[in-house]
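Source file: model_1.cif; contents: mmCIF, C-alpha atoms.
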data_my_file
#
loop_
_atom_site.label_atom_id
_atom_site.label_comp_id
_atom_site.auth_asym_id
_atom_site.auth_seq_id
_atom_site.Cartn_x
_atom_site.Cartn_y
_atom_site.Cartn_z
CA MET B 1 -0.47 -1.67 -21.14
CA ILE B 2 1.34 -3.74 -18.53
CA LYS B 3 4.72 -2.85 -20.07
CA ILE B 4 3.94 0.88 -19.94
CA ASP B 5 2.85 0.63 -16.29
CA TYR B 6 5.97 -1.35 -15.47
CA ILE B 7 8.27 1.17 -17.13
CA SER B 8 6.51 4.22 -15.65
CA ILE B 9 6.89 2.88 -12.11
CA ARG B 10 10.59 2.17 -12.57
CA ILE B 11 11.33 5.54 -14.18
CA THR B 12 9.52 7.39 -11.38
CA TYR B 13 11.38 5.33 -8.79
CA LEU B 14 14.72 6.12 -10.43
CA LEU B 15 13.91 9.84 -10.35
CA PHE B 16 13.06 9.43 -6.66
CA VAL B 17 16.44 7.82 -5.95
CA ILE B 18 18.33 10.51 -7.91
CA ALA B 19 16.45 13.24 -6.04
CA TRP B 20 17.27 11.53 -2.73
CA ILE B 21 20.99 11.30 -3.49
CA VAL B 22 21.13 14.92 -4.71
CA GLY B 23 19.38 15.97 -1.50
CA ASP B 24 21.96 14.12 0.61
CA MET B 25 24.75 15.75 -1.37
CA ARG B 26 23.26 19.11 -0.37
CA ASP B 27 23.08 18.00 3.30
CA ASN B 28 19.28 17.71 3.09
CA ILE B 29 18.78 21.47 2.71
CA ASN B 30 15.37 22.10 1.16
CA ASP B 31 15.40 18.62 -0.37
CA ASP B 32 11.79 17.59 0.26
CA PHE B 33 11.27 17.71 -3.52
CA LYS B 34 12.35 14.04 -3.52
CA TYR B 35 9.00 13.16 -2.00
CA VAL B 36 7.25 14.62 -5.04
CA PHE B 37 8.44 11.60 -7.01
CA MET B 38 7.34 9.28 -4.20
CA PHE B 39 3.82 10.72 -4.23
CA PHE B 40 3.84 10.62 -8.03
CA LEU B 41 4.76 6.91 -8.00
CA ILE B 42 2.04 6.10 -5.47
CA ALA B 43 -0.56 8.16 -7.37
CA ILE B 44 0.30 6.48 -10.68
CA GLY B 45 0.12 3.10 -8.98
CA PHE B 46 -3.30 3.63 -7.46
CA LEU B 47 -4.67 4.94 -10.76
CA ILE B 48 -3.39 1.80 -12.47
CA LEU B 49 -4.91 -0.42 -9.77
CA LEU B 50 -8.27 1.37 -9.99
CA GLY B 51 -8.25 0.92 -13.75
CA ASN B 52 -7.55 -2.81 -13.44
CA LEU B 53 -9.74 -3.92 -10.54
CA HIS B 54 -10.41 -7.24 -12.27
CA ASN B 55 -6.72 -8.12 -11.82
CA PRO B 56 -5.59 -9.67 -8.51
CA ILE B 57 -4.18 -7.29 -5.90
CA TYR B 58 -1.57 -9.04 -3.79
CA ASN B 59 -0.53 -8.68 -0.15
CA ILE B 60 -3.93 -7.57 1.13
CA TYR B 61 -3.33 -9.13 4.53
CA ASP B 62 0.16 -7.64 4.78
CA PHE B 63 -1.37 -4.28 3.85
CA TYR B 64 -3.94 -4.72 6.61
CA HIS B 65 -1.31 -5.50 9.25
CA ILE B 66 1.04 -2.65 8.31
CA MET B 67 -1.72 -0.04 8.04
CA LEU B 68 -3.12 -1.16 11.40
CA VAL B 69 -0.05 0.33 13.11
CA PRO B 70 -0.55 4.01 12.13
CA LEU B 71 -4.30 3.61 12.63
CA ILE B 72 -4.01 2.40 16.23
CA LEU B 73 -0.98 4.51 17.21
CA GLY B 74 -2.54 7.57 15.62
CA SER B 75 -5.83 7.00 17.45
CA ILE B 76 -4.03 6.64 20.79
CA SER B 77 -2.10 9.85 20.07
CA VAL B 78 -5.32 11.75 19.33
CA ILE B 79 -6.81 10.54 22.61
CA TYR B 80 -3.73 11.67 24.56
CA SER B 81 -3.86 15.05 22.82
CA LEU B 82 -7.51 15.48 23.70
CA ILE B 83 -6.74 14.69 27.33
CA ASN B 84 -3.47 16.59 27.83
CA GLY B 85 -3.71 19.43 25.30
CA MET B 86 -4.30 19.92 21.61
CA LYS B 87 -0.78 19.47 20.26
CA PHE B 88 -1.20 16.80 17.55
CA LEU B 89 2.51 16.17 17.00
CA LEU B 90 2.10 12.89 15.13
CA MET B 91 2.25 14.11 11.51
CA TRP B 92 5.79 13.05 10.66
CA ASP B 93 5.48 9.71 12.44
CA MET B 94 2.33 9.01 10.42
CA PHE B 95 4.23 9.88 7.25
CA TYR B 96 6.97 7.34 7.94
CA LEU B 97 4.60 4.66 9.21
CA ILE B 98 2.41 4.83 6.11
CA LEU B 99 4.24 6.02 2.98
CA PRO B 100 7.20 3.56 2.72
CA TYR B 101 4.88 0.56 2.72
CA LEU B 102 2.44 2.20 0.29
CA MET B 103 5.35 2.62 -2.12
CA VAL B 104 6.25 -1.06 -1.73
CA PHE B 105 2.61 -2.10 -2.13
CA ILE B 106 2.40 -0.24 -5.44
CA ILE B 107 5.66 -1.72 -6.75
CA VAL B 108 4.66 -5.25 -5.75
CA ASN B 109 1.32 -5.00 -7.52
CA ILE B 110 2.31 -2.99 -10.61
CA ASP B 111 5.81 -4.16 -11.51
CA GLN B 112 5.22 -7.54 -13.15
CA ASN B 113 8.95 -8.39 -13.24
CA HIS B 114 9.68 -10.58 -10.24
CA ASN B 115 13.38 -9.68 -10.39
CA ARG B 116 13.56 -6.73 -8.00
CA ASP B 117 17.31 -6.10 -8.31
CA PHE B 118 16.66 -2.82 -10.14
CA TYR B 119 15.28 -1.21 -6.98
CA TYR B 120 18.24 -2.31 -4.87
CA ASP B 121 20.94 -1.68 -7.48
CA SER B 122 19.72 1.89 -7.99
CA LEU B 123 20.13 2.62 -4.29
CA LEU B 124 23.51 0.88 -4.10
CA ILE B 125 24.96 2.79 -7.05
CA GLY B 126 23.49 6.07 -5.82
CA HIS B 127 24.90 5.68 -2.31
CA ILE B 128 28.34 4.63 -3.56
CA PHE B 129 28.41 7.78 -5.67
CA LEU B 130 27.34 9.75 -2.57
CA PHE B 131 30.07 8.13 -0.46
CA PHE B 132 32.85 9.15 -2.87
CA TYR B 133 31.36 12.62 -3.20
CA LYS B 134 31.59 13.11 0.57
CA TYR B 135 34.67 11.14 1.59
CA ALA B 136 36.98 10.69 -1.41
CA SER B 137 39.47 13.20 0.05
CA ILE B 138 39.97 11.13 3.22
CA LEU B 139 39.68 7.65 1.75
CA ASP B 140 43.12 6.40 2.70
CA LEU B 141 44.64 3.68 4.88
CA ASP B 142 45.30 5.93 7.88
CA HIS B 143 41.69 7.03 8.10
CA ILE B 144 40.45 3.48 7.62
CA LYS B 145 42.70 2.31 10.49
CA SER B 146 41.15 4.93 12.77
CA ILE B 147 37.82 3.04 12.77
CA SER B 148 37.19 1.92 16.37
CA PHE B 149 34.63 -0.61 17.57
CA THR B 150 35.03 0.36 21.25
CA ASP B 151 34.48 4.06 20.60
CA SER B 152 32.00 3.36 17.79
CA PHE B 153 33.93 5.76 15.57
CA SER B 154 34.57 6.00 11.87
CA PRO B 155 35.63 9.07 9.89
CA TYR B 156 33.06 7.91 7.33
CA GLU B 157 30.27 7.27 9.83
CA SER B 158 26.86 7.95 8.38
CA VAL B 159 23.24 6.90 8.72
CA THR B 160 23.65 5.37 5.26
CA ALA B 161 25.29 2.42 7.07
CA HIS B 162 21.70 1.30 7.67
CA ILE B 163 20.98 1.32 3.93
CA TYR B 164 24.21 -0.50 3.05
CA THR B 165 23.45 -3.20 5.64
CA LEU B 166 19.93 -3.78 4.32
CA LEU B 167 21.30 -3.97 0.77
CA PHE B 168 24.01 -6.38 1.94
CA TYR B 169 21.40 -8.64 3.55
CA TYR B 170 19.18 -8.71 0.46
CA TYR B 171 22.13 -9.54 -1.81
CA TYR B 172 23.30 -12.20 0.64
CA VAL B 173 19.94 -13.94 0.68
CA LYS B 174 19.65 -13.69 -3.13
CA ASN B 175 23.23 -15.01 -3.50
CA LYS B 176 24.48 -11.94 -5.38
CA LYS B 177 28.06 -12.32 -4.16
CA VAL B 178 29.82 -9.32 -5.70
CA ARG B 179 27.12 -6.80 -4.82
CA CYS B 180 26.85 -8.37 -1.38
CA LEU B 181 30.55 -7.76 -0.67
CA VAL B 182 30.44 -4.24 -2.13
CA ALA B 183 27.51 -3.29 0.13
CA LEU B 184 29.29 -4.89 3.11
CA PHE B 185 32.50 -2.94 2.42
CA PHE B 186 30.78 0.43 2.34
CA GLY B 187 28.59 -0.56 5.28
CA ILE B 188 31.66 -1.24 7.43
CA LEU B 189 33.25 2.05 6.38
CA SER B 190 30.04 3.97 7.13
CA TYR B 191 30.03 2.14 10.45
CA LYS B 192 27.25 1.58 12.88
CA ARG B 193 28.28 -0.85 15.60
CA LEU B 194 25.14 -3.02 15.65
CA HIS B 195 24.99 -3.10 11.86
CA VAL B 196 28.55 -4.40 11.64
CA VAL B 197 27.84 -7.10 14.24
CA PHE B 198 24.71 -8.15 12.33
CA ALA B 199 26.55 -8.35 9.00
CA ILE B 200 29.35 -10.47 10.50
CA ALA B 201 26.80 -12.76 12.17
CA VAL B 202 25.00 -13.23 8.85
CA LEU B 203 28.25 -14.14 7.09
CA LEU B 204 29.27 -16.61 9.80
CA LEU B 205 25.92 -18.16 10.67
CA GLY B 206 23.62 -17.44 7.74
CA TRP B 207 24.10 -20.91 6.28
CA THR B 208 22.63 -22.52 9.42
CA VAL B 209 19.12 -21.19 8.72
CA ARG B 210 18.83 -22.13 5.06
CA LYS B 211 15.58 -24.04 4.34
CA LYS B 212 14.46 -23.52 7.94
CA VAL B 213 10.73 -23.08 8.47
CA VAL B 214 9.52 -20.59 11.09
CA GLY B 215 7.61 -22.46 13.79
CA SER B 216 4.72 -20.81 15.60
CA TYR B 217 6.55 -21.15 18.91
CA VAL B 218 9.53 -19.20 17.51
CA GLU B 219 7.26 -16.43 16.27
CA LYS B 220 5.46 -16.17 19.62
CA PHE B 221 8.74 -16.23 21.54
CA VAL B 222 10.18 -13.38 19.45
CA LYS B 223 7.04 -11.29 19.93
CA ALA B 224 7.11 -11.88 23.68
CA ILE B 225 10.79 -10.85 23.84
CA PHE B 226 10.27 -7.48 22.16
CA ILE B 227 7.02 -6.70 23.98
CA SER B 228 8.76 -7.29 27.31
CA SER B 229 12.09 -5.70 26.24
CA PRO B 230 11.36 -2.34 27.95
CA LEU B 231 11.72 -4.21 31.26
CA LEU B 232 15.35 -4.89 30.32
CA LEU B 233 15.82 -1.24 29.43
CA TYR B 234 14.50 -0.20 32.83
CA ALA B 235 16.99 -2.61 34.45
CA LEU B 236 19.86 -1.13 32.42
CA LEU B 237 18.98 2.38 33.58
CA THR B 238 19.77 1.69 37.24
CA ASP B 239 22.87 2.97 39.02
CA ASN B 240 23.70 -0.59 40.05
CA PHE B 241 24.01 -1.73 36.45
CA ALA B 242 26.11 1.31 35.50
CA THR B 243 28.48 0.55 38.38
CA TRP B 244 28.69 -3.13 37.45
CA PHE B 245 29.42 -2.27 33.80
CA LEU B 246 32.20 0.14 34.78
CA ASP B 247 33.79 -2.36 37.19
CA THR B 248 33.58 -5.23 34.71
CA PHE B 249 34.61 -3.58 31.43
CA GLU B 250 36.35 -0.44 32.74
CA ILE B 251 34.19 1.62 30.40
CA ASP B 252 31.58 4.12 31.49
CA PHE B 253 28.20 2.82 30.27
CA GLY B 254 27.06 6.32 29.33
CA LYS B 255 30.16 6.80 27.17
CA PHE B 256 29.82 3.31 25.68
CA THR B 257 26.25 4.12 24.62
CA MET B 258 27.29 7.58 23.40
CA GLY B 259 25.01 9.39 25.84
CA ARG B 260 21.91 7.30 25.13
CA PHE B 261 21.98 5.89 28.66
CA ASP B 262 21.75 9.37 30.18
CA GLN B 263 19.09 10.47 27.70
CA LEU B 264 16.92 7.44 28.44
CA ARG B 265 17.26 7.95 32.18
CA GLU B 266 16.14 11.54 31.85
CA VAL B 267 13.07 10.60 29.81
CA VAL B 268 12.04 7.77 32.11
CA THR B 269 12.47 9.79 35.32
CA THR B 270 10.90 13.04 34.04
CA ASP B 271 7.18 13.70 34.07
CA ILE B 272 6.79 14.52 30.37
CA ALA B 273 3.38 15.67 29.14
CA ASN B 274 2.12 12.99 26.79
CA TYR B 275 0.45 14.11 23.57
CA GLY B 276 1.04 10.78 21.84
CA LEU B 277 3.55 10.31 19.04
CA GLY B 278 6.10 13.13 18.97
CA SER B 279 5.80 14.04 22.67
CA ILE B 280 9.40 13.23 23.60
CA LYS B 281 10.82 15.16 20.64
CA TYR B 282 8.57 18.07 21.62
CA TYR B 283 9.99 17.91 25.15
CA PHE B 284 13.61 17.95 23.93
CA ASP B 285 12.89 20.75 21.43
CA ASN B 286 11.42 22.95 24.15
CA LYS B 287 14.38 22.19 26.35
CA GLY B 288 16.77 23.20 23.58
CA ALA B 289 18.55 19.83 23.63
CA TYR B 290 21.20 19.24 20.97
CA ILE B 291 19.88 15.70 20.39
CA ASN B 292 16.09 15.81 20.25
CA ILE B 293 15.33 12.22 19.22
CA LEU B 294 15.14 9.42 21.78
CA HIS B 295 17.55 6.67 20.79
CA SER B 296 15.17 3.84 21.63
CA ASP B 297 12.13 3.50 19.42
CA ILE B 298 10.71 0.71 21.56
CA MET B 299 10.81 2.85 24.67
CA ARG B 300 9.43 5.82 22.76
CA ILE B 301 6.46 3.82 21.44
CA LEU B 302 5.78 2.51 24.93
CA LEU B 303 5.93 5.94 26.59
CA GLU B 304 4.02 7.81 23.87
CA THR B 305 1.34 5.24 22.94
CA SER B 306 1.23 2.92 26.00
CA ILE B 307 1.68 -0.84 26.06
CA ILE B 308 -1.18 -1.12 23.56
CA GLY B 309 0.81 0.75 20.94
CA LEU B 310 3.90 -1.40 21.50
CA VAL B 311 1.89 -4.65 21.30
CA VAL B 312 0.22 -3.53 18.07
CA LEU B 313 3.56 -2.57 16.51
CA VAL B 314 5.25 -5.85 17.43
CA TYR B 315 2.35 -8.09 16.42
CA ALA B 316 1.65 -6.34 13.12
CA TYR B 317 5.23 -6.25 11.86
CA PHE B 318 6.11 -9.77 12.93
CA ASN B 319 2.88 -11.13 11.46
CA VAL B 320 4.19 -9.92 8.10
CA ALA B 321 7.73 -11.22 8.72
CA LYS B 322 6.88 -14.64 10.21
CA LYS B 323 6.28 -16.30 6.82
CA ASN B 324 9.95 -16.82 6.02
CA ILE B 325 13.08 -17.31 8.13
CA TYR B 326 15.02 -14.57 6.33
CA SER B 327 12.12 -12.15 6.75
CA LEU B 328 11.95 -12.98 10.44
CA ILE B 329 15.70 -12.45 10.92
CA LEU B 330 15.48 -9.11 9.13
CA MET B 331 12.63 -7.90 11.35
CA ILE B 332 14.47 -9.10 14.48
CA PHE B 333 17.45 -7.03 13.38
CA ILE B 334 15.24 -3.97 12.86
CA PHE B 335 13.69 -4.33 16.31
CA MET B 336 17.14 -4.76 17.87
CA ILE B 337 18.02 -1.38 16.37
CA MET B 338 14.74 0.01 17.71
CA PHE B 339 15.79 -1.24 21.16
CA THR B 340 18.99 0.83 21.18
CA SER B 341 18.46 3.50 18.53
CA THR B 342 15.88 5.03 16.20
CA VAL B 343 14.77 3.91 12.74
CA ILE B 344 11.06 4.73 12.75
CA ASN B 345 11.66 7.96 10.84
CA GLY B 346 13.78 6.29 8.18
CA PHE B 347 11.96 6.22 4.85
CA LEU B 348 14.49 4.32 2.73
CA GLY B 349 15.14 1.83 5.51
CA TRP B 350 11.50 0.79 5.85
CA PHE B 351 11.11 0.76 2.07
CA LEU B 352 13.97 -1.75 1.77
CA VAL B 353 12.75 -3.80 4.72
CA PHE B 354 9.21 -4.25 3.39
CA LEU B 355 10.33 -4.78 -0.22
CA SER B 356 12.84 -7.42 0.91
CA ILE B 357 10.29 -9.18 3.11
CA ASP B 358 7.84 -9.38 0.22
CA ASP B 359 10.54 -10.85 -2.00
CA PHE B 360 11.66 -13.41 0.59
CA ASN B 361 8.08 -14.43 1.37
CA ARG B 362 7.14 -14.71 -2.30
CA ASN B 363 10.03 -17.03 -3.11
CA ASP B 364 9.64 -19.29 -0.08
CA ILE B 365 7.95 -22.62 -0.84
CA SER B 366 6.97 -22.86 2.84
CA ASN B 367 4.87 -19.69 2.46
CA ASN B 368 1.61 -21.55 1.96
CA LYS B 369 -0.70 -18.74 0.92
CA SER B 370 -1.10 -15.01 0.55
CA GLY B 371 -4.08 -12.69 0.56
CA VAL B 372 -5.37 -11.56 -2.84
CA MET B 373 -8.22 -9.13 -3.57
CA LYS B 374 -10.13 -9.35 -6.85
CA LEU B 375 -13.22 -7.66 -8.27
CA ASN B 376 -15.40 -10.37 -9.79
CA ASP B 377 -17.66 -9.92 -12.81
CA ASP B 378 -20.65 -9.59 -10.49
CA GLY B 379 -19.11 -6.39 -9.08
CA ILE B 380 -18.40 -7.90 -5.65
CA LEU B 381 -14.92 -7.33 -4.19
CA ARG B 382 -13.64 -10.52 -2.61
CA ILE B 383 -10.50 -11.48 -0.70
CA LYS B 384 -9.26 -15.01 -1.20
CA PHE B 385 -6.11 -17.05 -0.63
CA ARG B 386 -3.74 -17.98 -3.43
CA PHE B 387 -0.67 -20.13 -3.36
CA ASN B 388 2.75 -18.73 -4.26
CA ARG B 389 2.86 -16.42 -7.23
#

Could you rewrite the structure in this file as structure tokens?
Amino acid sequence: MIKIDYISIRITYLLFVIAWIVGDMRDNINDDFKYVFMFFLIAIGFLILLGNLHNPIYNIYDFYHIMLVPLILGSISVIYSLINGMKFLLMWDMFYLILPYLMVFIIVNIDQNHNRDFYYDSLLIGHIFLFFYKYASILDLDHIKSISFTDSFSPYESVTAHIYTLLFYYYYVKNKKVRCLVALFFGILSYKRLHVVFAIAVLLLGWTVRKKVVGSYVEKFVKAIFISSPLLLYALLTDNFATWFLDTFEIDFGKFTMGRFDQLREVVTTDIANYGLGSIKYYFDNKGAYINILHSDIMRILLETSIIGLVVLVYAYFNVAKKNIYSLILMIFIFMIMFTSTVINGFLGWFLVFLSIDDFNRNDISNNKSGVMKLNDDGILRIKFRFNR
């Protein structure tokens, strides 16, 4: 029975990946069919779990922390909508805050094979195929030389740089050298400035954190940094900083940030009606703006769900990531992107982040215990701690 469950989950996942790649090849036109396989995988998983309630269910406390985020942020959004008008714009944010982790939760509890490379390799192979499908005609030395760090330009630039970087990091931590370098190569070609910096930093400094244990003071310091980070954003939005940046680097800060500086200033200085999650996109859509997504998830969460929403997001995600140094570094990287860009509505990204964190935590001898739920013979559902699986 376990083998059938294990195979069914992997087959459904593979169909999901194929559907995703085919959708990207069609420029995401009417490609929501890929989510049919995602829902199918989750439905199969929950049926299997319900049929085997006497077996342990892992990551209960991680599940609690991750699901707390959409619960609190969604509740705040409903309150804002009741106060300012019945818009209820939060549907898609709820989708991305809930479904990627549910998919990971099912895989973690159903797939009994602790080697998770299948899930990463499928995405790597699929995205390499996608890359050649889109860019094979311009894959030459002249186009590669045109990649510019200053202008943040690449003829192969794509949001898939985020996926390549997450794959690179997983392979680096797991010491899969060839796949690590392959993911890095395509990540650099697909080019996102912060992702390239992160990958280079990992290659140069990754060895310094091996066998490091995350201290409570480090965890608290990181949380405090990201909770207070909007203060830095407000400082960067002043005319004085823009003038200083231009005088110092001879580059216009708005151009350097590809217009994000001007977009942020507009949002911060405009009295936007707040209906909770989705309010800023709703504002840009009504305005007819070409770019309708705020390129700062941290600022968006703060403005749309208040400081409470930001605190909940930071605490919940770092409580899951604090168990292992590689998990913590990965979550820091994600929040750095959220500081300057947007990743909240990135399904595959969050799927890889949470799956990687589970793997790193599970294989860390310093991870003392994890939450497990089990239905005892007396019919009582209990949560207890277990040591590493």

### Summary
As a check of understanding: the span from atom CA of Thr12 of chain B to atom CA of Leu41 of chain B is 5.9 Å

### Query
Which distance in Å separates atom CA of Asp359 of chain B and atom CA of Gly206 of chain B, to one decimal?
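Value for the atom CA of Asp359 of chain B-atom CA of Gly206 of chain B distance: 17.6 Å.
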
### Message
Using the chain letters and numbers from this file, what does the PyMOL selection byres ((chain B and resi 274-280) around 6) select? Give the answer as a ChimeraX atom specification.
### Response
/B:77,80-81,89-90,273,281-283,304-305

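Take atom CA of Phe339 of chain B and atom CA of Asp297 of chain B: the distance between them is 6.2 Å.
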
#### Entry: Given all atoms listed in the file as the counted atoms, nearest of B:Leu130, B:Val182, B:Val108, B:Leu97 to Pro70 of chain B
B:Leu97

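Among the candidates B:Leu102, B:Leu231, B:Met25, B:Leu294, the residue lying nearest to Tyr64 of chain B is B:Leu102 (atoms considered: only C-alpha atoms).
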
### Query
B:Asn84, B:Ser296, B:Ser137, B:Ser229: which is nearest Val343 of chain B, counting all atoms listed in the file?
B:Ser296

### Task
Please write as number ranges by chain the full residue list that the PyMOL selection byres ((chain B and resi 327) around 12) yields on this file.
B: 166, 169-170, 173, 209, 212-214, 219, 317-326, 328-334, 352-364, 367

### Message
If the PyMOL selection byres ((chain B and resi 346) around 10) were run on this exact file, what residues would it hold? Put them as a list in words.
### Response
Asp93, Tyr96, Leu97, Pro100, Val159, His162, Ile163, Thr342, Val343, Ile344, Asn345, Phe347, Leu348, Gly349, Trp350 and Phe351 of chain B

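Using only C-alpha atoms, the nearest neighbour of Leu184 of chain B within the list B:Leu123, B:Leu53, B:Leu167, B:Leu141 is B:Leu167.
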
### Message
Here is a test: counting all atoms listed in the file, which residue of B:Leu82, B:Ile251, B:Ala201, B:Ile11 is nearest to Asp111 of chain B?
### Response
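Selected residue with least distance to Asp111 of chain B: B:Ile11.
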
### Task
Excluding segment 189-200 of chain B and residues on its chain fewer than 3 positions from it, collect all residues at most 7 Å away from it, counting all atoms listed in the file, and give them as a VMD selection string.
chain B and resid 149 152 154 156 to 158 160 to 162 165 185 to 186 203 to 204

### Message
So that I can check the surroundings of Tyr119 of chain B, please list as a PyMOL selection string every protein, DNA and RNA residue that reaches within 10 Å of it, counting all atoms listed in the file and ignoring chain neighbours fewer than 4 positions away.
### Response
chain B and resi 10+13-14+17+107+115+123-124+352+355

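If you measure from each of B:Val314, B:Ile7, B:Ile48, B:Ile42 to Phe221 of chain B using all atoms listed in the file, the closest one turns out to be B:Val314.
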
Return segment 120-141 of chain B, completed with N, CA and C atoms, as an mmCIF file, in the coordinates of the input.
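What landed in result17.cif:
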data_model
loop_
_atom_site.group_PDB
_atom_site.id
_atom_site.type_symbol
_atom_site.label_atom_id
_atom_site.label_comp_id
_atom_site.auth_asym_id
_atom_site.auth_seq_id
_atom_site.Cartn_x
_atom_site.Cartn_y
_atom_site.Cartn_z
ATOM 1 N N TYR B 120 17.106 -2.268 -5.791
ATOM 2 C CA TYR B 120 18.240 -2.310 -4.870
ATOM 3 C C TYR B 120 19.513 -1.762 -5.528
ATOM 4 N N ASP B 121 19.729 -2.136 -6.778
ATOM 5 C CA ASP B 121 20.940 -1.680 -7.480
ATOM 6 C C ASP B 121 20.953 -0.163 -7.618
ATOM 7 N N SER B 122 19.797 0.424 -7.859
ATOM 8 C CA SER B 122 19.720 1.890 -7.990
ATOM 9 C C SER B 122 20.189 2.567 -6.713
ATOM 10 N N LEU B 123 19.731 2.042 -5.581
ATOM 11 C CA LEU B 123 20.130 2.620 -4.290
ATOM 12 C C LEU B 123 21.602 2.373 -4.001
ATOM 13 N N LEU B 124 22.105 1.183 -4.346
ATOM 14 C CA LEU B 124 23.510 0.880 -4.100
ATOM 15 C C LEU B 124 24.413 1.804 -4.910
ATOM 16 N N ILE B 125 24.146 1.933 -6.191
ATOM 17 C CA ILE B 125 24.960 2.790 -7.050
ATOM 18 C C ILE B 125 24.880 4.244 -6.590
ATOM 19 N N GLY B 126 23.670 4.702 -6.274
ATOM 20 C CA GLY B 126 23.490 6.070 -5.820
ATOM 21 C C GLY B 126 24.250 6.371 -4.547
ATOM 22 N N HIS B 127 24.223 5.433 -3.585
ATOM 23 C CA HIS B 127 24.900 5.680 -2.310
ATOM 24 C C HIS B 127 26.416 5.532 -2.413
ATOM 25 N N ILE B 128 26.894 4.692 -3.320
ATOM 26 C CA ILE B 128 28.340 4.630 -3.560
ATOM 27 C C ILE B 128 28.821 5.952 -4.146
ATOM 28 N N PHE B 129 28.080 6.473 -5.098
ATOM 29 C CA PHE B 129 28.410 7.780 -5.670
ATOM 30 C C PHE B 129 28.410 8.844 -4.577
ATOM 31 N N LEU B 130 27.427 8.795 -3.674
ATOM 32 C CA LEU B 130 27.340 9.750 -2.570
ATOM 33 C C LEU B 130 28.529 9.616 -1.630
ATOM 34 N N PHE B 131 28.938 8.370 -1.360
ATOM 35 C CA PHE B 131 30.070 8.130 -0.460
ATOM 36 C C PHE B 131 31.336 8.786 -1.007
ATOM 37 N N PHE B 132 31.630 8.567 -2.287
ATOM 38 C CA PHE B 132 32.850 9.150 -2.870
ATOM 39 C C PHE B 132 32.735 10.667 -2.944
ATOM 40 N N TYR B 133 31.556 11.173 -3.162
ATOM 41 C CA TYR B 133 31.360 12.620 -3.200
ATOM 42 C C TYR B 133 31.719 13.252 -1.852
ATOM 43 N N LYS B 134 31.378 12.557 -0.762
ATOM 44 C CA LYS B 134 31.590 13.110 0.570
ATOM 45 C C LYS B 134 32.973 12.792 1.144
ATOM 46 N N TYR B 135 33.498 11.604 0.834
ATOM 47 C CA TYR B 135 34.670 11.140 1.590
ATOM 48 C C TYR B 135 35.888 10.796 0.726
ATOM 49 N N ALA B 136 35.857 11.067 -0.559
ATOM 50 C CA ALA B 136 36.980 10.690 -1.410
ATOM 51 C C ALA B 136 38.292 11.300 -0.940
ATOM 52 N N SER B 137 38.245 12.509 -0.365
ATOM 53 C CA SER B 137 39.470 13.200 0.050
ATOM 54 C C SER B 137 40.135 12.571 1.263
ATOM 55 N N ILE B 138 39.382 11.766 2.021
ATOM 56 C CA ILE B 138 39.970 11.130 3.220
ATOM 57 C C ILE B 138 39.919 9.607 3.132
ATOM 58 N N LEU B 139 39.736 9.104 1.923
ATOM 59 C CA LEU B 139 39.680 7.650 1.750
ATOM 60 C C LEU B 139 41.089 7.102 1.578
ATOM 61 N N ASP B 140 41.766 6.935 2.708
ATOM 62 C CA ASP B 140 43.120 6.400 2.700
ATOM 63 C C ASP B 140 43.280 5.433 3.865
ATOM 64 N N LEU B 141 44.424 4.737 3.895
ATOM 65 C CA LEU B 141 44.640 3.680 4.880
ATOM 66 C C LEU B 141 44.655 4.208 6.306
#
